[in-house]
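Novice: You'll find structure18.cif just under this line, and it carries mmCIF, C-alpha atoms; chains and numbers go by the auth columns.
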```cif
data_run
#
loop_
_atom_site.group_PDB
_atom_site.id
_atom_site.type_symbol
_atom_site.label_atom_id
_atom_site.label_comp_id
_atom_site.label_asym_id
_atom_site.label_seq_id
_atom_site.Cartn_x
_atom_site.Cartn_y
_atom_site.Cartn_z
_atom_site.B_iso_or_equiv
_atom_site.auth_seq_id
_atom_site.auth_asym_id
ATOM 1 C CA MET A 1 5.778 15.644 -17.045 0.00 1 B
ATOM 2 C CA ASP A 2 3.447 14.660 -14.196 0.00 2 B
ATOM 3 C CA GLU A 3 4.384 13.645 -10.642 0.00 3 B
ATOM 4 C CA HIS A 4 3.943 9.905 -11.288 0.00 4 B
ATOM 5 C CA SER A 5 6.382 9.724 -14.192 0.00 5 B
ATOM 6 C CA LYS A 6 9.251 10.939 -11.966 0.00 6 B
ATOM 7 C CA ARG A 7 9.089 8.286 -9.219 0.00 7 B
ATOM 8 C CA PRO A 8 8.186 4.589 -9.058 0.00 8 B
ATOM 9 C CA HIS A 9 4.435 4.238 -8.670 0.00 9 B
ATOM 10 C CA MET A 10 1.580 1.825 -9.216 0.00 10 B
ATOM 11 C CA ARG A 11 -2.179 1.713 -8.705 0.00 11 B
ATOM 12 C CA ASP A 12 -3.927 -0.058 -5.845 0.00 12 B
ATOM 13 C CA ASP A 13 -7.063 -2.146 -6.374 0.00 13 B
ATOM 14 C CA GLY A 14 -9.204 0.974 -5.977 0.00 14 B
ATOM 15 C CA GLY A 15 -7.316 2.791 -8.753 0.00 15 B
ATOM 16 C CA LYS A 16 -5.423 5.208 -6.462 0.00 16 B
ATOM 17 C CA TRP A 17 -1.760 5.953 -7.180 0.00 17 B
ATOM 18 C CA VAL A 18 0.671 4.604 -4.578 0.00 18 B
ATOM 19 C CA THR A 19 4.275 5.760 -4.254 0.00 19 B
ATOM 20 C CA ALA A 20 7.018 5.996 -1.608 0.00 20 B
ATOM 21 C CA GLY A 21 5.740 7.545 1.621 0.00 21 B
ATOM 22 C CA ASP A 22 2.235 6.086 1.290 0.00 22 B
ATOM 23 C CA THR A 23 0.755 3.360 3.484 0.00 23 B
ATOM 24 C CA VAL A 24 -1.088 0.341 2.083 0.00 24 B
ATOM 25 C CA LEU A 25 -3.547 -1.989 3.795 0.00 25 B
ATOM 26 C CA PHE A 26 -3.983 -5.704 3.128 0.00 26 B
ATOM 27 C CA SER A 27 -4.729 -8.879 5.043 0.00 27 B
ATOM 28 C CA TYR A 28 -3.554 -12.476 4.938 0.00 28 B
ATOM 29 C CA GLY A 29 -4.292 -15.785 6.626 0.00 29 B
ATOM 30 C CA ILE A 30 -7.248 -17.478 8.295 0.00 30 B
ATOM 31 C CA PRO A 31 -8.407 -15.796 10.427 0.00 31 B
ATOM 32 C CA PRO A 32 -7.372 -12.642 8.561 0.00 32 B
ATOM 33 C CA VAL A 33 -4.445 -10.643 9.912 0.00 33 B
ATOM 34 C CA SER A 34 -4.640 -6.968 8.917 0.00 34 B
ATOM 35 C CA VAL A 35 -1.399 -5.241 7.898 0.00 35 B
ATOM 36 C CA ASN A 36 -0.627 -1.539 7.398 0.00 36 B
ATOM 37 C CA ALA A 37 2.657 -1.274 5.515 0.00 37 B
ATOM 38 C CA LEU A 38 4.714 1.852 4.885 0.00 38 B
ATOM 39 C CA ILE A 39 5.948 2.016 1.286 0.00 39 B
ATOM 40 C CA ILE A 40 9.542 3.100 0.641 0.00 40 B
ATOM 41 C CA GLU A 41 11.656 3.282 -2.493 0.00 41 B
ATOM 42 C CA ARG A 42 14.773 1.123 -2.651 0.00 42 B
ATOM 43 C CA ASN A 43 16.867 0.724 -5.803 0.00 43 B
ATOM 44 C CA GLY A 44 14.020 2.034 -7.955 0.00 44 B
ATOM 45 C CA ARG A 45 11.457 -0.407 -6.509 0.00 45 B
ATOM 46 C CA LEU A 46 8.560 0.110 -4.132 0.00 46 B
ATOM 47 C CA ILE A 47 9.081 -1.909 -0.950 0.00 47 B
ATOM 48 C CA GLY A 48 6.538 -2.370 1.827 0.00 48 B
ATOM 49 C CA LEU A 49 7.705 -2.504 5.446 0.00 49 B
ATOM 50 C CA CYS A 50 5.576 -4.585 7.800 0.00 50 B
ATOM 51 C CA HIS A 51 7.567 -5.167 10.977 0.00 51 B
ATOM 52 C CA GLY A 52 6.297 -7.976 13.184 0.00 52 B
ATOM 53 C CA HIS A 53 5.251 -10.102 10.190 0.00 53 B
ATOM 54 C CA ASN A 54 7.157 -12.747 8.258 0.00 54 B
ATOM 55 C CA PRO A 55 8.575 -11.553 5.930 0.00 55 B
ATOM 56 C CA SER A 56 9.033 -8.071 7.362 0.00 56 B
ATOM 57 C CA GLU A 57 9.204 -6.457 3.910 0.00 57 B
ATOM 58 C CA PHE A 58 7.940 -7.178 0.411 0.00 58 B
ATOM 59 C CA ASN A 59 8.121 -5.956 -3.161 0.00 59 B
ATOM 60 C CA LEU A 60 4.853 -4.080 -3.785 0.00 60 B
ATOM 61 C CA ARG A 61 4.711 -5.260 -7.399 0.00 61 B
ATOM 62 C CA SER A 62 4.359 -8.902 -6.283 0.00 62 B
ATOM 63 C CA LEU A 63 1.973 -8.330 -3.336 0.00 63 B
ATOM 64 C CA ARG A 64 -1.225 -9.218 -5.281 0.00 64 B
ATOM 65 C CA ARG A 65 0.231 -12.629 -6.056 0.00 65 B
ATOM 66 C CA HIS A 66 0.384 -13.435 -2.338 0.00 66 B
ATOM 67 C CA VAL A 67 -2.552 -11.635 -0.692 0.00 67 B
ATOM 68 C CA GLY A 68 -4.975 -10.743 -3.469 0.00 68 B
ATOM 69 C CA SER A 69 -6.139 -7.157 -3.091 0.00 69 B
ATOM 70 C CA TRP A 70 -4.495 -4.216 -1.323 0.00 70 B
ATOM 71 C CA TYR A 71 -5.413 -0.557 -0.938 0.00 71 B
ATOM 72 C CA LYS A 72 -3.841 2.818 -0.251 0.00 72 B
ATOM 73 C CA TYR A 73 -4.474 3.677 3.399 0.00 73 B
ATOM 74 C CA ASN A 74 -3.140 7.157 4.109 0.00 74 B
ATOM 75 C CA LYS A 75 -4.727 9.054 6.997 0.00 75 B
ATOM 76 C CA TYR A 76 -5.017 12.178 4.820 0.00 76 B
ATOM 77 C CA TYR A 77 -6.758 10.207 2.069 0.00 77 B
ATOM 78 C CA LEU A 78 -9.225 8.706 4.562 0.00 78 B
ATOM 79 C CA LYS A 79 -10.103 12.121 6.029 0.00 79 B
ATOM 80 C CA THR A 80 -10.837 13.610 2.630 0.00 80 B
ATOM 81 C CA THR A 81 -13.067 10.719 1.501 0.00 81 B
ATOM 82 C CA GLU A 82 -15.003 9.821 4.656 0.00 82 B
ATOM 83 C CA VAL A 83 -18.765 10.165 4.564 0.00 83 B
ATOM 84 C CA ASN A 84 -20.428 11.642 7.626 0.00 84 B
ATOM 85 C CA ASP A 85 -23.599 9.698 8.498 0.00 85 B
ATOM 86 C CA GLU A 86 -24.852 12.289 11.009 0.00 86 B
#
```
Since I need it in another form, could you write the structure as structure tokens?
Specialist:
Amino acid sequence: MDEHSKRPHMRDDGGKWVTAGDTVLFSYGIPPVSVNALIIERNGRLIGLCHGHNPSEFNLRSLRRHVGSWYKYNKYYLKTTEVNDE
């Protein structure tokens, strides 16, 4: 049994697995407002926390319906995939 079958998970628009403890990035509005949301697990569902926004939390499964695309945005993931232009 793999790691993803044990906990709630879903794929972002780039195909990366997202689960509790990850951070996702999306934007909304005109002009765009960027949001980094911590993902937690509550009652078997993935919930995003985005304090300072209304609403301050959301069900990850329904996020695409409201903002379109969203992506995993973990600092570790960014460091391992950055391309050095130097």
Novice: Evaluated on this file, the PyMOL selection byres ((chain B and resi 19) around 10) picks out some residues - which ones are they, written as a VMD selection string?
Specialist: chain B and resid 4 7 to 11 16 to 18 20 to 24 38 to 41 45 to 47 60 72
Novice: For this file, the PyMOL selection byres ((chain B and resi 36) around 12) selects which residues, as an MDAnalysis selection string?
Specialist: chainID B and resid 22:28 33:35 37:39 48:53 56:57 70:75
Novice: Measuring atom to atom with only C-alpha atoms, identify which of B:Gly29, B:Asp13, B:Gly68, B:Lys6 is nearest to B:Asn54.
Specialist: B:Gly29
Novice: Please enclose the listed atoms of stretch 61-65 of chain B in an axis-aligned box, pad each side by 3 Å, and write out the centre and the three edge lengths in Å, rounded to one decimal, as JSON.
Specialist:
```
{"center_x": 1.7, "center_y": -8.9, "center_z": -5.4, "size_x": 11.9, "size_y": 13.4, "size_z": 10.1}
```
Novice: When you draw a straight line from atom CA of B:Asp12 to atom CA of B:Arg61, how long is it in Å?
Specialist: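 Result for atom CA of B:Asp12 versus atom CA of B:Arg61: 10.2 Å, one decimal.
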Novice: Output file request: stretch 24-47 of chain B, with C-alpha atoms, as a short mmCIF file (atom, residue, chain, number, x, y, z; two decimals), in the first residue's frame.
Specialist:
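Dumped to decode21.cif:
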```cif
data_model
loop_
_atom_site.label_atom_id
_atom_site.label_comp_id
_atom_site.auth_asym_id
_atom_site.auth_seq_id
_atom_site.Cartn_x
_atom_site.Cartn_y
_atom_site.Cartn_z
CA VAL B 24 -0.95 25.33 -2.20
CA LEU B 25 -0.83 28.52 -4.25
CA PHE B 26 -3.71 30.11 -6.15
CA SER B 27 -5.03 33.55 -6.96
CA TYR B 28 -8.44 35.18 -7.24
CA GLY B 29 -9.96 38.51 -8.20
CA ILE B 30 -9.11 41.43 -10.46
CA PRO B 31 -6.41 42.49 -9.90
CA PRO B 32 -5.23 39.03 -8.83
CA VAL B 33 -4.69 38.39 -5.13
CA SER B 34 -2.14 35.62 -4.51
CA VAL B 35 -2.87 33.15 -1.71
CA ASN B 36 -0.62 30.55 -0.06
CA ALA B 37 -2.82 28.17 1.91
CA LEU B 38 -1.72 25.50 4.37
CA ILE B 39 -3.60 22.23 3.83
CA ILE B 40 -4.86 20.33 6.88
CA GLU B 41 -7.00 17.23 7.28
CA ARG B 42 -10.33 17.60 9.07
CA ASN B 43 -12.91 14.82 9.26
CA GLY B 44 -11.25 12.98 6.37
CA ARG B 45 -11.26 16.05 4.08
CA LEU B 46 -8.47 18.32 2.92
CA ILE B 47 -9.08 21.88 4.11
#
```
